[in-house]
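**Q** A single structure is presented below for examination.
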Amino acid sequence: IGIDKGINSIAATSEGELYSNPRWLQKAEKRLKRLQRQLSRKKKGSKNREKQKKRLAKLHEKVANQRRDYLHKISYNIVKNNDIICVEDLQVKNMMKNHKLAKSIANAGWGMLDKYLQYKAEREGKIFIKVNAAYTSQRCSRCGRIVEKDLSVRIHRCECGLEIDRDINAAINVLHEGLRQLGIAA
């Protein structure tokens with residue numbers, strides 16, 4: 001299976017499956033802001049400030065636990081049903097430098113998903129391979145032609161007649177590249 005990571009859907013597979021992004025941080029943001037504001041109003045060193053710190057930490061922990069649980073479920077499902085898992089090798093740290101996407105990338109947990117897939121695949125004796133992500137979303141998975149498009153364009157349309165979701169097209173390309181690296185014909 002080939003996996004393309006994204007913001008709208010955490011993972012898109014080469015089989016056409018899209019794993020949605022529940023966006024826990026964005027959903028909890030209102031409560032986090034309120035708790036943070038309440039904390040800033042408490043007197044430093046007071047018991048009430050300590051209690052407020054614990055409330056805020058508890059909510060942060062809940063968001064992190066929701067993310068971890070969902071990523072464990074996704075990775076378990078993918079590893080259970082596939083023998084070869086190919087993912088794009090994204091430089092998440094570098095991508096986090098883009099201040100417009102950093103929060104969304106961090107909330108999606110791409111790095112965590114890779115770690116979970118890798119250790120579960122190794123534990124089950126399955127093959128896990130990282131593939132260079134260059135041009136995976138722009139290359140046509142049917143004819144190989146490069147079709148340049150903006151990030152806002154979500155449908156891949158090629159002159160060869162292929163019309164497919166951009167993320168699924170990228171996942172198919174990731175799978176082809178992974179199989180090529182392994183020396184298996186796609």
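Residue names in the structure tokens use chain letters A, B, ... in the order shown, residue numbers from 1 in each chain, and ligand numbers from 1 in the order shown.
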Considering only C-alpha atoms, give me a table of residues in stretch 99-161 of chain A that are at most 12 Å from stretch 62-71 of chain A, with the closest atom pair and distance in Å for each, as a tab-separated table.

**A**
residue	atom	partner	partner_atom	distance
A:Ala106	CA	A:Arg67	CA	10.3
A:Asn107	CA	A:Arg67	CA	7.7
A:Ala108	CA	A:Arg67	CA	7.8
A:Gly109	CA	A:Arg67	CA	7.4
A:Trp110	CA	A:Leu71	CA	9.0
A:Gly111	CA	A:Leu71	CA	10.3
A:Met112	CA	A:Leu71	CA	7.4
A:Leu113	CA	A:Leu71	CA	5.8
A:Asp114	CA	A:Leu71	CA	9.5
A:Lys115	CA	A:Leu71	CA	10.0
A:Tyr116	CA	A:Leu71	CA	7.6
A:Leu117	CA	A:Leu71	CA	9.2
A:Lys120	CA	A:Leu71	CA	11.9

**Q** Okay, now the selection with C-alpha atoms, as a tab-separated table (two decimals), in the first residue's frame?

**A**
chain	number	residue	atom	x	y	z
A	106	ALA	CA	1.58	19.34	14.12
A	107	ASN	CA	-2.04	18.49	14.85
A	108	ALA	CA	-2.13	15.85	12.10
A	109	GLY	CA	0.83	14.01	13.67
A	110	TRP	CA	2.58	12.81	10.50
A	111	GLY	CA	5.81	11.97	12.32
A	112	MET	CA	3.92	9.92	14.90
A	113	LEU	CA	2.05	8.04	12.17
A	114	ASP	CA	5.35	7.12	10.50
A	115	LYS	CA	6.79	5.88	13.81
A	116	TYR	CA	3.70	3.81	14.59
A	117	LEU	CA	3.59	2.29	11.10
A	120	LYS	CA	4.14	-2.16	13.96

**Q** With stretch 82-104 of chain A as the partner and 12 Å as the cut-off, tabulate the residues of stretch 160-184 of chain A that qualify, each row holding the nearest pair of atoms and their distance in Å to one decimal, using only C-alpha atoms, sorted by chain and rising number, as a Markdown table.

**A**
| residue | atom | partner | partner_atom | distance |
| --- | --- | --- | --- | --- |
| A:Asp167 | CA | A:Glu88 | CA | 11.6 |
| A:Ala170 | CA | A:Glu88 | CA | 9.2 |
| A:Ala171 | CA | A:Val87 | CA | 8.0 |
| A:Ile172 | CA | A:Cys86 | CA | 9.7 |
| A:Asn173 | CA | A:Glu88 | CA | 9.6 |
| A:Val174 | CA | A:Glu88 | CA | 6.3 |
| A:Leu175 | CA | A:Cys86 | CA | 5.7 |
| A:His176 | CA | A:Cys86 | CA | 8.9 |
| A:Glu177 | CA | A:Cys86 | CA | 8.3 |
| A:Gly178 | CA | A:Cys86 | CA | 5.6 |
| A:Leu179 | CA | A:Cys86 | CA | 8.1 |
| A:Arg180 | CA | A:Cys86 | CA | 10.8 |
| A:Gln181 | CA | A:Cys86 | CA | 10.1 |
| A:Leu182 | CA | A:Ile84 | CA | 9.9 |
| A:Ile184 | CA | A:Ile84 | CA | 10.9 |

**Q** Once you have the residues from the selection above, write them out as a JSON list (two decimals), in the first residue's frame, restricted to all heavy atoms.

**A**
[["chain", "number", "residue", "atom", "x", "y", "z"],
["A", 167, "ASP", "N", -4.69, 13.37, -3.60],
["A", 167, "ASP", "CA", -3.99, 12.60, -2.57],
["A", 167, "ASP", "C", -3.90, 11.12, -2.94],
["A", 167, "ASP", "O", -2.89, 10.47, -2.68],
["A", 167, "ASP", "CB", -4.68, 12.77, -1.21],
["A", 167, "ASP", "CG", -4.61, 14.20, -0.70],
["A", 167, "ASP", "OD1", -3.67, 14.92, -1.10],
["A", 167, "ASP", "OD2", -5.48, 14.60, 0.09],
["A", 170, "ALA", "N", -1.24, 10.71, -5.52],
["A", 170, "ALA", "CA", 0.08, 10.76, -4.89],
["A", 170, "ALA", "C", 0.38, 9.44, -4.18],
["A", 170, "ALA", "O", 1.52, 8.94, -4.24],
["A", 170, "ALA", "CB", 0.15, 11.91, -3.91],
["A", 171, "ALA", "N", -0.61, 8.85, -3.52],
["A", 171, "ALA", "CA", -0.42, 7.57, -2.82],
["A", 171, "ALA", "C", -0.07, 6.46, -3.80],
["A", 171, "ALA", "O", 0.79, 5.61, -3.52],
["A", 171, "ALA", "CB", -1.67, 7.21, -2.03],
["A", 172, "ILE", "N", -0.69, 6.46, -4.97],
["A", 172, "ILE", "CA", -0.38, 5.46, -6.00],
["A", 172, "ILE", "C", 1.06, 5.65, -6.48],
["A", 172, "ILE", "O", 1.80, 4.68, -6.64],
["A", 172, "ILE", "CB", -1.38, 5.55, -7.18],
["A", 172, "ILE", "CG1", -2.79, 5.14, -6.71],
["A", 172, "ILE", "CG2", -0.94, 4.68, -8.35],
["A", 172, "ILE", "CD1", -3.90, 5.47, -7.70],
["A", 173, "ASN", "N", 1.47, 6.91, -6.65],
["A", 173, "ASN", "CA", 2.85, 7.19, -7.06],
["A", 173, "ASN", "C", 3.85, 6.75, -5.99],
["A", 173, "ASN", "O", 4.92, 6.24, -6.31],
["A", 173, "ASN", "CB", 3.04, 8.68, -7.37],
["A", 173, "ASN", "CG", 2.42, 9.07, -8.70],
["A", 173, "ASN", "OD1", 2.33, 8.26, -9.61],
["A", 173, "ASN", "ND2", 1.97, 10.30, -8.80],
["A", 174, "VAL", "N", 3.50, 6.96, -4.72],
["A", 174, "VAL", "CA", 4.36, 6.53, -3.61],
["A", 174, "VAL", "C", 4.51, 5.01, -3.65],
["A", 174, "VAL", "O", 5.61, 4.47, -3.49],
["A", 174, "VAL", "CB", 3.79, 7.00, -2.25],
["A", 174, "VAL", "CG1", 4.48, 6.32, -1.09],
["A", 174, "VAL", "CG2", 3.91, 8.52, -2.12],
["A", 175, "LEU", "N", 3.41, 4.31, -3.88],
["A", 175, "LEU", "CA", 3.44, 2.84, -3.96],
["A", 175, "LEU", "C", 4.34, 2.39, -5.12],
["A", 175, "LEU", "O", 5.19, 1.51, -4.95],
["A", 175, "LEU", "CB", 2.03, 2.28, -4.14],
["A", 175, "LEU", "CG", 1.94, 0.77, -4.38],
["A", 175, "LEU", "CD1", 2.45, 0.01, -3.16],
["A", 175, "LEU", "CD2", 0.52, 0.37, -4.70],
["A", 176, "HIS", "N", 4.16, 2.98, -6.31],
["A", 176, "HIS", "CA", 4.98, 2.61, -7.48],
["A", 176, "HIS", "C", 6.47, 2.83, -7.19],
["A", 176, "HIS", "O", 7.30, 1.99, -7.52],
["A", 176, "HIS", "CB", 4.57, 3.41, -8.72],
["A", 176, "HIS", "CG", 3.23, 3.03, -9.27],
["A", 176, "HIS", "ND1", 2.80, 1.74, -9.39],
["A", 176, "HIS", "CD2", 2.22, 3.81, -9.75],
["A", 176, "HIS", "CE1", 1.58, 1.72, -9.90],
["A", 176, "HIS", "NE2", 1.20, 2.97, -10.12],
["A", 177, "GLU", "N", 6.80, 3.97, -6.57],
["A", 177, "GLU", "CA", 8.20, 4.28, -6.27],
["A", 177, "GLU", "C", 8.75, 3.31, -5.23],
["A", 177, "GLU", "O", 9.89, 2.85, -5.32],
["A", 177, "GLU", "CB", 8.32, 5.73, -5.79],
["A", 177, "GLU", "CG", 9.72, 6.17, -5.46],
["A", 177, "GLU", "CD", 10.71, 6.10, -6.62],
["A", 177, "GLU", "OE1", 10.30, 6.15, -7.79],
["A", 177, "GLU", "OE2", 11.92, 5.97, -6.34],
["A", 178, "GLY", "N", 7.95, 2.99, -4.22],
["A", 178, "GLY", "CA", 8.37, 2.04, -3.20],
["A", 178, "GLY", "C", 8.63, 0.66, -3.77],
["A", 178, "GLY", "O", 9.64, 0.01, -3.43],
["A", 179, "LEU", "N", 7.75, 0.21, -4.64],
["A", 179, "LEU", "CA", 7.93, -1.10, -5.28],
["A", 179, "LEU", "C", 9.15, -1.09, -6.20],
["A", 179, "LEU", "O", 9.87, -2.07, -6.29],
["A", 179, "LEU", "CB", 6.66, -1.50, -6.06],
["A", 179, "LEU", "CG", 5.41, -1.77, -5.22],
["A", 179, "LEU", "CD1", 4.22, -2.05, -6.11],
["A", 179, "LEU", "CD2", 5.64, -2.91, -4.23],
["A", 180, "ARG", "N", 9.38, 0.06, -6.87],
["A", 180, "ARG", "CA", 10.55, 0.18, -7.72],
["A", 180, "ARG", "C", 11.83, 0.07, -6.89],
["A", 180, "ARG", "O", 12.79, -0.61, -7.28],
["A", 180, "ARG", "CB", 10.53, 1.52, -8.48],
["A", 180, "ARG", "CG", 11.60, 1.63, -9.57],
["A", 180, "ARG", "CD", 11.74, 3.04, -10.11],
["A", 180, "ARG", "NE", 12.19, 4.01, -9.13],
["A", 180, "ARG", "CZ", 13.44, 4.09, -8.66],
["A", 180, "ARG", "NH1", 14.37, 3.25, -9.05],
["A", 180, "ARG", "NH2", 13.76, 5.02, -7.76],
["A", 181, "GLN", "N", 11.84, 0.73, -5.72],
["A", 181, "GLN", "CA", 13.01, 0.65, -4.83],
["A", 181, "GLN", "C", 13.26, -0.77, -4.33],
["A", 181, "GLN", "O", 14.40, -1.17, -4.12],
["A", 181, "GLN", "CB", 12.84, 1.59, -3.63],
["A", 181, "GLN", "CG", 13.03, 3.04, -3.96],
["A", 181, "GLN", "CD", 12.88, 3.93, -2.73],
["A", 181, "GLN", "OE1", 12.91, 3.47, -1.60],
["A", 181, "GLN", "NE2", 12.71, 5.23, -2.97],
["A", 182, "LEU", "N", 12.19, -1.51, -4.15],
["A", 182, "LEU", "CA", 12.32, -2.89, -3.68],
["A", 182, "LEU", "C", 12.66, -3.86, -4.82],
["A", 182, "LEU", "O", 12.98, -5.01, -4.58],
["A", 182, "LEU", "CB", 11.03, -3.35, -2.99],
["A", 182, "LEU", "CG", 10.72, -2.71, -1.65],
["A", 182, "LEU", "CD1", 9.31, -3.08, -1.20],
["A", 182, "LEU", "CD2", 11.74, -3.14, -0.61],
["A", 184, "ILE", "N", 10.44, -4.66, -7.25],
["A", 184, "ILE", "CA", 9.23, -5.40, -7.60],
["A", 184, "ILE", "C", 8.50, -4.59, -8.67],
["A", 184, "ILE", "O", 8.28, -3.39, -8.53],
["A", 184, "ILE", "CB", 8.32, -5.58, -6.36],
["A", 184, "ILE", "CG1", 9.08, -6.29, -5.25],
["A", 184, "ILE", "CG2", 7.05, -6.33, -6.71],
["A", 184, "ILE", "CD1", 8.36, -6.29, -3.92]]

**Q** To test your reading of the structure, identify every residue in stretch 41-154 of chain A that backbone DSSP assigns to alpha helix (DSSP H), and report it as an MDAnalysis selection string.

**A** chainID A and resid 41 47:81 92:95 102:108 110:124

**Q** Measuring atom to atom with only C-alpha atoms, identify which of A:Lys130, A:Lys80, A:Arg23, A:Arg41 is nearest to A:Asn8.

**A**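 Using only C-alpha atoms, the shortest distance to A:Asn8 belongs to A:Arg23.
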
**Q** Between atom CA of A:Glu17 and atom CA of A:Glu163, what is the distance, to one decimal in Å?

**A** 16.1 Å

**Q** Would you give me, as a ChimeraX atom specification, the residues in chain A that DSSP reads as strand (DSSP E)?

**A** /A:2-5,9-13,18-20,84-89,127-132,155-157,163-165

**Q** Find the distance between atom CA of A:Arg154 and atom CA of A:Asn132 and write it in Å to one decimal.

**A**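 These atoms are spaced 21.0 Å apart.
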
**Q** For a test of reading the model, state the distance in Å between atom CA of A:Arg49 and atom CA of A:Leu35, rounded to one decimal.

**A**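 Separating atom CA of A:Arg49 from atom CA of A:Leu35 is a distance of 10.9 Å.
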